[in-house]
Amino acid sequence: MMNTIVADTGTVRMPITLTTLDAFREWIHSDGVAEDTRACFLDGEVWIDMSTEQLFSHNQVKKALTITLGGLAQSQGTGRYMPDGILYSNATANLGAKPDGAYFSFDSVRSERVTFIGGAKEGVVELEGSLDIVIEVVSNSSVKKDTKKQPKLYFRAGVIEYWLIDARREPLSFQILQRGANKFQSAPERDGWLKSNVFGLEFRLVCQLDPVGQPEFVLESREG
């Protein structure tokens, strides 16, 4: 049997027996599910975002992250930055998610902290293990997921840093959360700058206005 969920982009058909991580992974990779379906498996709970993505407070924040972190990953030659869309899973945390951004070092791949999962037909369709950085950009429909549920699961999954951004209103909120003894702890802040131990740099997310008065986000970096 199937449950049918009508989303903004059409119809999502989800098995009512979707109660395990393996079942979720099989479903999300199936031909009947669109690649851009925003769904995740959070310790036994299936979450599907059926809201319309906001241009400035969500889409353009992700663009700023990709420009800076993608460029740094390439110039440093130490890892890869992943924009949103790729499935990330961890069996220990009982987690299957599509974060808004992620980074893994080549050392994590060599040590098998992160492994590539191939698709049934071709290519790599999933990352499994413990990522170095996971990033979530809060939307109106994801507040509880991003701020309450996923931090605990990402910590259990062995993620080194969890970056949490809320740009829905001013002043925007930008946090780099790092591993503590039992949970993520906020990185120290200096005039808006936050230290990432993974990159060995300080970062600051700023909002400017473009020539037509709309917000434009820039992720700045510096030696710290």
# chains A, B, ... in the order shown; residues from 1 in each chain; ligands from 1
$ select_by_dssp --residues "segment 95-178 of chain A" --states "alpha helix (DSSP H)" --output "list of chain:residue names"
A:Phe106, A:Asp107, A:Ser108, A:Val109, A:Arg110, A:Val143, A:Lys144, A:Gln150, A:Pro151, A:Lys152, A:Leu153, A:Tyr154, A:Phe155, A:Arg156
$ residues_around --residues "segment 52-68 of chain A" --least-positions-apart "3" --cutoff "7 Å" --atoms "only C-alpha atoms" --output "ChimeraX atom specification"
/A:8,71-72,83,100,137,139,167-168,215,217-219
$ residues_around --residues "segment 42-47 of chain A" --least-positions-apart "2" --cutoff "7 Å" --atoms "only C-alpha atoms" --output "count of residues only"
9
$ closest_residue --among "A:Lys121, A:Phe106, A:Glu161, A:Leu87" --to "Glu35 of chain A" --atoms "only C-alpha atoms"
A:Leu87
$ residues_around --residues "Lys183 of chain A" --least-positions-apart "2" --cutoff "12 Å" --atoms "only C-alpha atoms" --output "PyMOL selection string"
chain A and resi 148+150-162+177-181+185-186
$ write_last_selection --atoms "C-alpha atoms" --output "PDB file, in the first residue's frame"
ATOM      1  CA  LYS A 148      15.951  20.460  17.553  1.00  0.00           C
ATOM      2  CA  GLN A 150      18.846  17.065  13.421  1.00  0.00           C
ATOM      3  CA  PRO A 151      21.562  18.506  15.721  1.00  0.00           C
ATOM      4  CA  LYS A 152      21.198  15.480  17.997  1.00  0.00           C
ATOM      5  CA  LEU A 153      21.271  13.061  15.082  1.00  0.00           C
ATOM      6  CA  TYR A 154      24.193  14.746  13.317  1.00  0.00           C
ATOM      7  CA  PHE A 155      26.142  14.617  16.593  1.00  0.00           C
ATOM      8  CA  ARG A 156      25.321  10.919  16.973  1.00  0.00           C
ATOM      9  CA  ALA A 157      26.470  10.423  13.381  1.00  0.00           C
ATOM     10  CA  GLY A 158      29.944  11.752  14.242  1.00  0.00           C
ATOM     11  CA  VAL A 159      29.672  14.985  12.238  1.00  0.00           C
ATOM     12  CA  ILE A 160      32.533  17.282  13.278  1.00  0.00           C
ATOM     13  CA  GLU A 161      30.839  20.665  12.701  1.00  0.00           C
ATOM     14  CA  TYR A 162      27.194  21.613  12.241  1.00  0.00           C
ATOM     15  CA  LEU A 177      28.500  24.267  16.238  1.00  0.00           C
ATOM     16  CA  GLN A 178      31.420  22.030  17.174  1.00  0.00           C
ATOM     17  CA  ARG A 179      31.602  18.703  18.958  1.00  0.00           C
ATOM     18  CA  GLY A 180      31.604  18.801  22.751  1.00  0.00           C
ATOM     19  CA  ALA A 181      31.492  15.946  25.241  1.00  0.00           C
ATOM     20  CA  GLN A 185      28.793  23.588  21.362  1.00  0.00           C
ATOM     21  CA  SER A 186      28.786  27.054  19.790  1.00  0.00           C
TER      22      SER A 186
END
$ select_by_dssp --residues "chain A" --states "strand (DSSP E or B)" --output "JSON list (two decimals) with C-alpha atoms, in the first residue's frame"
[["chain", "number", "residue", "atom", "x", "y", "z"],
["A", 2, "MET", "CA", 1.06, 3.59, -0.61],
["A", 3, "ASN", "CA", 0.35, 6.88, 1.08],
["A", 4, "THR", "CA", -0.08, 9.74, -1.40],
["A", 5, "ILE", "CA", 1.17, 13.19, -0.40],
["A", 6, "VAL", "CA", 0.40, 16.14, -2.64],
["A", 7, "ALA", "CA", 3.39, 18.50, -2.63],
["A", 10, "GLY", "CA", 3.29, 17.41, -7.66],
["A", 11, "THR", "CA", 2.45, 14.11, -5.99],
["A", 12, "VAL", "CA", 4.75, 12.13, -3.72],
["A", 13, "ARG", "CA", 3.88, 8.47, -3.27],
["A", 14, "MET", "CA", 5.30, 7.05, -0.04],
["A", 15, "PRO", "CA", 4.93, 3.46, 1.22],
["A", 39, "ALA", "CA", 12.72, 14.17, 2.23],
["A", 40, "CYS", "CA", 14.67, 12.76, 5.14],
["A", 41, "PHE", "CA", 14.51, 9.93, 7.67],
["A", 42, "LEU", "CA", 15.05, 11.13, 11.24],
["A", 45, "GLU", "CA", 10.33, 9.63, 11.42],
["A", 46, "VAL", "CA", 9.91, 10.52, 7.74],
["A", 47, "TRP", "CA", 9.96, 14.28, 7.08],
["A", 48, "ILE", "CA", 8.99, 15.74, 3.69],
["A", 79, "GLY", "CA", 38.28, 17.79, 0.35],
["A", 80, "ARG", "CA", 35.01, 18.43, -1.47],
["A", 81, "TYR", "CA", 32.08, 20.72, -0.79],
["A", 82, "MET", "CA", 28.66, 19.29, -1.63],
["A", 83, "PRO", "CA", 25.74, 21.64, -2.47],
["A", 87, "LEU", "CA", 21.52, 11.97, 0.34],
["A", 88, "TYR", "CA", 23.61, 11.55, 3.49],
["A", 89, "SER", "CA", 23.03, 8.53, 5.72],
["A", 90, "ASN", "CA", 24.37, 7.15, 8.98],
["A", 95, "LEU", "CA", 19.57, 9.09, 9.78],
["A", 96, "GLY", "CA", 18.97, 9.75, 6.11],
["A", 97, "ALA", "CA", 19.02, 13.46, 5.19],
["A", 101, "GLY", "CA", 25.42, 21.82, 2.24],
["A", 102, "ALA", "CA", 28.14, 19.44, 3.34],
["A", 103, "TYR", "CA", 31.90, 19.03, 3.30],
["A", 104, "PHE", "CA", 34.09, 15.97, 3.59],
["A", 105, "SER", "CA", 37.87, 15.82, 3.64],
["A", 114, "VAL", "CA", 32.95, 8.68, 4.65],
["A", 115, "THR", "CA", 32.07, 6.23, 1.88],
["A", 116, "PHE", "CA", 30.42, 6.65, -1.53],
["A", 117, "ILE", "CA", 27.26, 4.69, -2.30],
["A", 118, "GLY", "CA", 26.66, 3.92, -5.94],
["A", 124, "VAL", "CA", 27.34, 7.94, -6.81],
["A", 125, "VAL", "CA", 24.00, 8.84, -5.25],
["A", 126, "GLU", "CA", 24.71, 8.87, -1.53],
["A", 127, "LEU", "CA", 27.31, 9.65, 1.12],
["A", 128, "GLU", "CA", 27.49, 7.38, 4.15],
["A", 129, "GLY", "CA", 29.37, 7.72, 7.43],
["A", 133, "ILE", "CA", 30.67, 19.58, 8.06],
["A", 134, "VAL", "CA", 26.89, 19.57, 7.61],
["A", 135, "ILE", "CA", 25.00, 22.81, 6.91],
["A", 136, "GLU", "CA", 21.30, 23.57, 7.28],
["A", 137, "VAL", "CA", 19.57, 26.83, 6.30],
["A", 161, "GLU", "CA", 30.84, 20.67, 12.70],
["A", 162, "TYR", "CA", 27.19, 21.61, 12.24],
["A", 163, "TRP", "CA", 26.62, 25.02, 10.62],
["A", 164, "LEU", "CA", 23.17, 26.46, 11.27],
["A", 165, "ILE", "CA", 21.93, 29.57, 9.43],
["A", 166, "ASP", "CA", 18.68, 31.50, 9.76],
["A", 173, "SER", "CA", 21.77, 34.07, 12.69],
["A", 174, "PHE", "CA", 24.96, 32.22, 11.75],
["A", 175, "GLN", "CA", 26.30, 29.51, 14.04],
["A", 176, "ILE", "CA", 29.17, 27.08, 13.79],
["A", 177, "LEU", "CA", 28.50, 24.27, 16.24],
["A", 178, "GLN", "CA", 31.42, 22.03, 17.17],
["A", 179, "ARG", "CA", 31.60, 18.70, 18.96],
["A", 184, "PHE", "CA", 27.42, 20.40, 19.81],
["A", 185, "GLN", "CA", 28.79, 23.59, 21.36],
["A", 186, "SER", "CA", 28.79, 27.05, 19.79],
["A", 189, "GLU", "CA", 32.42, 34.58, 18.24],
["A", 190, "ARG", "CA", 34.55, 37.68, 17.61],
["A", 193, "TRP", "CA", 33.53, 35.97, 13.02],
["A", 194, "LEU", "CA", 33.37, 32.26, 13.91],
["A", 195, "LYS", "CA", 36.24, 29.79, 13.84],
["A", 196, "SER", "CA", 35.91, 26.56, 11.86],
["A", 201, "LEU", "CA", 39.70, 29.66, 9.13],
["A", 202, "GLU", "CA", 37.26, 32.19, 10.54],
["A", 203, "PHE", "CA", 33.98, 32.87, 8.73],
["A", 204, "ARG", "CA", 31.37, 35.61, 8.75],
["A", 205, "LEU", "CA", 28.07, 35.66, 6.86],
["A", 206, "VAL", "CA", 27.01, 39.16, 5.90],
["A", 207, "CYS", "CA", 23.92, 40.51, 4.18],
["A", 208, "GLN", "CA", 24.19, 43.40, 1.74],
["A", 209, "LEU", "CA", 21.67, 45.01, -0.60],
["A", 215, "PRO", "CA", 19.37, 41.01, 0.08],
["A", 216, "GLU", "CA", 22.60, 39.53, -1.18],
["A", 217, "PHE", "CA", 24.60, 37.21, 1.07],
["A", 218, "VAL", "CA", 28.37, 36.85, 1.18],
["A", 219, "LEU", "CA", 30.30, 34.30, 3.23],
["A", 220, "GLU", "CA", 33.61, 35.92, 4.12],
["A", 221, "SER", "CA", 36.67, 34.02, 5.33],
["A", 222, "ARG", "CA", 39.97, 35.00, 6.91],
["A", 223, "GLU", "CA", 42.92, 33.56, 8.78]]
$ closest_residue --among "A:Lys98, A:Gln214, A:Gly192, A:Val33" --to "Asp146 of chain A" --atoms "only C-alpha atoms"
A:Lys98
$ atom_distance --atom1 "atom CA of Ile86 of chain A" --atom2 "atom CA of Pro99 of chain A"
7.7 Å
$ atom_distance --atom1 "atom CA of Lys149 of chain A" --atom2 "atom CA of Asp132 of chain A"
18.9 Å
$ atom_distance --atom1 "atom CA of Met50 of chain A" --atom2 "atom CA of Thr147 of chain A"
18.4 Å
$ decode --residues "segment 49-200 of chain A" --atoms "C-alpha atoms" --output "mmCIF file, in the first residue's frame"
data_model
loop_
_atom_site.group_PDB
_atom_site.id
_atom_site.type_symbol
_atom_site.label_atom_id
_atom_site.label_comp_id
_atom_site.auth_asym_id
_atom_site.auth_seq_id
_atom_site.Cartn_x
_atom_site.Cartn_y
_atom_site.Cartn_z
ATOM 1 C CA ASP A 49 9.326 19.460 2.965
ATOM 2 C CA MET A 50 6.461 20.450 0.698
ATOM 3 C CA SER A 51 6.992 24.204 1.017
ATOM 4 C CA THR A 52 8.180 26.476 -1.789
ATOM 5 C CA GLU A 53 11.843 27.398 -1.492
ATOM 6 C CA GLN A 54 12.360 31.080 -0.676
ATOM 7 C CA LEU A 55 14.691 32.875 -3.100
ATOM 8 C CA PHE A 56 16.576 35.213 -0.795
ATOM 9 C CA SER A 57 16.451 33.681 2.703
ATOM 10 C CA HIS A 58 17.230 30.164 1.484
ATOM 11 C CA ASN A 59 18.315 29.761 -2.140
ATOM 12 C CA GLN A 60 20.706 32.717 -2.187
ATOM 13 C CA VAL A 61 22.223 31.790 1.174
ATOM 14 C CA LYS A 62 23.075 28.381 -0.266
ATOM 15 C CA LYS A 63 24.609 30.110 -3.282
ATOM 16 C CA ALA A 64 26.900 32.171 -1.032
ATOM 17 C CA LEU A 65 27.997 29.010 0.797
ATOM 18 C CA THR A 66 28.757 27.210 -2.450
ATOM 19 C CA ILE A 67 30.806 30.094 -3.843
ATOM 20 C CA THR A 68 33.034 30.418 -0.769
ATOM 21 C CA LEU A 69 33.251 26.873 0.575
ATOM 22 C CA GLY A 70 33.368 25.282 -2.861
ATOM 23 C CA GLY A 71 36.203 27.607 -3.800
ATOM 24 C CA LEU A 72 38.084 26.937 -0.568
ATOM 25 C CA ALA A 73 37.720 23.176 -0.881
ATOM 26 C CA GLN A 74 39.116 23.342 -4.399
ATOM 27 C CA SER A 75 41.959 25.766 -3.628
ATOM 28 C CA GLN A 76 43.039 23.945 -0.476
ATOM 29 C CA GLY A 77 42.811 20.583 -2.213
ATOM 30 C CA THR A 78 41.853 18.859 1.050
ATOM 31 C CA GLY A 79 38.279 17.794 0.354
ATOM 32 C CA ARG A 80 35.012 18.433 -1.468
ATOM 33 C CA TYR A 81 32.083 20.723 -0.786
ATOM 34 C CA MET A 82 28.662 19.289 -1.625
ATOM 35 C CA PRO A 83 25.741 21.640 -2.467
ATOM 36 C CA ASP A 84 22.268 20.482 -1.490
ATOM 37 C CA GLY A 85 20.630 17.478 -3.086
ATOM 38 C CA ILE A 86 22.836 14.515 -2.179
ATOM 39 C CA LEU A 87 21.524 11.968 0.336
ATOM 40 C CA TYR A 88 23.610 11.547 3.486
ATOM 41 C CA SER A 89 23.028 8.529 5.720
ATOM 42 C CA ASN A 90 24.373 7.153 8.976
ATOM 43 C CA ALA A 91 23.151 3.869 10.437
ATOM 44 C CA THR A 92 24.299 4.638 13.997
ATOM 45 C CA ALA A 93 22.165 7.786 14.065
ATOM 46 C CA ASN A 94 19.345 6.101 12.103
ATOM 47 C CA LEU A 95 19.566 9.091 9.782
ATOM 48 C CA GLY A 96 18.969 9.754 6.110
ATOM 49 C CA ALA A 97 19.018 13.455 5.190
ATOM 50 C CA LYS A 98 19.586 15.889 2.356
ATOM 51 C CA PRO A 99 21.437 18.777 4.036
ATOM 52 C CA ASP A 100 21.640 22.226 2.454
ATOM 53 C CA GLY A 101 25.416 21.825 2.235
ATOM 54 C CA ALA A 102 28.136 19.441 3.338
ATOM 55 C CA TYR A 103 31.898 19.034 3.295
ATOM 56 C CA PHE A 104 34.094 15.968 3.595
ATOM 57 C CA SER A 105 37.870 15.815 3.644
ATOM 58 C CA PHE A 106 39.852 13.389 1.544
ATOM 59 C CA ASP A 107 41.331 12.099 4.817
ATOM 60 C CA SER A 108 37.802 11.116 5.886
ATOM 61 C CA VAL A 109 37.443 9.129 2.658
ATOM 62 C CA ARG A 110 40.854 7.472 3.068
ATOM 63 C CA SER A 111 40.034 6.442 6.646
ATOM 64 C CA GLU A 112 36.562 5.287 5.520
ATOM 65 C CA ARG A 113 34.795 7.736 7.838
ATOM 66 C CA VAL A 114 32.945 8.679 4.645
ATOM 67 C CA THR A 115 32.074 6.231 1.883
ATOM 68 C CA PHE A 116 30.423 6.655 -1.527
ATOM 69 C CA ILE A 117 27.262 4.690 -2.296
ATOM 70 C CA GLY A 118 26.660 3.919 -5.940
ATOM 71 C CA GLY A 119 23.300 4.057 -7.650
ATOM 72 C CA ALA A 120 21.482 1.007 -8.933
ATOM 73 C CA LYS A 121 22.170 2.106 -12.508
ATOM 74 C CA GLU A 122 25.122 4.507 -12.424
ATOM 75 C CA GLY A 123 27.176 7.052 -10.496
ATOM 76 C CA VAL A 124 27.344 7.942 -6.812
ATOM 77 C CA VAL A 125 23.996 8.845 -5.250
ATOM 78 C CA GLU A 126 24.708 8.869 -1.531
ATOM 79 C CA LEU A 127 27.313 9.649 1.124
ATOM 80 C CA GLU A 128 27.486 7.379 4.152
ATOM 81 C CA GLY A 129 29.371 7.723 7.435
ATOM 82 C CA SER A 130 30.564 10.780 9.364
ATOM 83 C CA LEU A 131 30.869 14.033 7.413
ATOM 84 C CA ASP A 132 33.253 16.787 8.453
ATOM 85 C CA ILE A 133 30.667 19.581 8.060
ATOM 86 C CA VAL A 134 26.891 19.566 7.608
ATOM 87 C CA ILE A 135 24.997 22.808 6.911
ATOM 88 C CA GLU A 136 21.300 23.569 7.285
ATOM 89 C CA VAL A 137 19.567 26.833 6.300
ATOM 90 C CA VAL A 138 16.370 27.304 8.298
ATOM 91 C CA SER A 139 13.051 27.817 6.515
ATOM 92 C CA ASN A 140 9.602 28.306 8.026
ATOM 93 C CA SER A 141 8.814 24.627 7.573
ATOM 94 C CA SER A 142 12.127 23.287 8.914
ATOM 95 C CA VAL A 143 12.657 25.153 12.214
ATOM 96 C CA LYS A 144 12.026 22.169 14.486
ATOM 97 C CA LYS A 145 13.911 19.777 12.217
ATOM 98 C CA ASP A 146 16.989 21.980 11.823
ATOM 99 C CA THR A 147 17.237 23.319 15.387
ATOM 100 C CA LYS A 148 15.951 20.460 17.553
ATOM 101 C CA LYS A 149 15.896 17.094 15.820
ATOM 102 C CA GLN A 150 18.846 17.065 13.421
ATOM 103 C CA PRO A 151 21.562 18.506 15.721
ATOM 104 C CA LYS A 152 21.198 15.480 17.997
ATOM 105 C CA LEU A 153 21.271 13.061 15.082
ATOM 106 C CA TYR A 154 24.193 14.746 13.317
ATOM 107 C CA PHE A 155 26.142 14.617 16.593
ATOM 108 C CA ARG A 156 25.321 10.919 16.973
ATOM 109 C CA ALA A 157 26.470 10.423 13.381
ATOM 110 C CA GLY A 158 29.944 11.752 14.242
ATOM 111 C CA VAL A 159 29.672 14.985 12.238
ATOM 112 C CA ILE A 160 32.533 17.282 13.278
ATOM 113 C CA GLU A 161 30.839 20.665 12.701
ATOM 114 C CA TYR A 162 27.194 21.613 12.241
ATOM 115 C CA TRP A 163 26.618 25.024 10.621
ATOM 116 C CA LEU A 164 23.171 26.462 11.267
ATOM 117 C CA ILE A 165 21.930 29.571 9.429
ATOM 118 C CA ASP A 166 18.675 31.498 9.759
ATOM 119 C CA ALA A 167 18.416 34.393 7.305
ATOM 120 C CA ARG A 168 14.651 34.844 7.370
ATOM 121 C CA ARG A 169 14.950 38.146 9.215
ATOM 122 C CA GLU A 170 17.512 40.665 10.394
ATOM 123 C CA PRO A 171 19.800 40.258 12.148
ATOM 124 C CA LEU A 172 20.554 36.921 10.523
ATOM 125 C CA SER A 173 21.772 34.069 12.686
ATOM 126 C CA PHE A 174 24.955 32.215 11.747
ATOM 127 C CA GLN A 175 26.295 29.514 14.045
ATOM 128 C CA ILE A 176 29.174 27.077 13.793
ATOM 129 C CA LEU A 177 28.500 24.267 16.238
ATOM 130 C CA GLN A 178 31.420 22.030 17.174
ATOM 131 C CA ARG A 179 31.602 18.703 18.958
ATOM 132 C CA GLY A 180 31.604 18.801 22.751
ATOM 133 C CA ALA A 181 31.492 15.946 25.241
ATOM 134 C CA ASN A 182 27.824 15.094 24.694
ATOM 135 C CA LYS A 183 26.470 17.617 22.190
ATOM 136 C CA PHE A 184 27.417 20.402 19.811
ATOM 137 C CA GLN A 185 28.793 23.588 21.362
ATOM 138 C CA SER A 186 28.786 27.054 19.790
ATOM 139 C CA ALA A 187 32.150 28.200 18.430
ATOM 140 C CA PRO A 188 33.466 31.400 20.055
ATOM 141 C CA GLU A 189 32.421 34.577 18.240
ATOM 142 C CA ARG A 190 34.552 37.677 17.611
ATOM 143 C CA ASP A 191 32.772 40.613 15.989
ATOM 144 C CA GLY A 192 30.621 38.233 13.980
ATOM 145 C CA TRP A 193 33.529 35.971 13.021
ATOM 146 C CA LEU A 194 33.365 32.263 13.911
ATOM 147 C CA LYS A 195 36.240 29.793 13.837
ATOM 148 C CA SER A 196 35.912 26.564 11.856
ATOM 149 C CA ASN A 197 38.381 23.975 13.102
ATOM 150 C CA VAL A 198 37.736 21.881 9.986
ATOM 151 C CA PHE A 199 38.886 24.598 7.570
ATOM 152 C CA GLY A 200 41.264 26.298 10.029
#
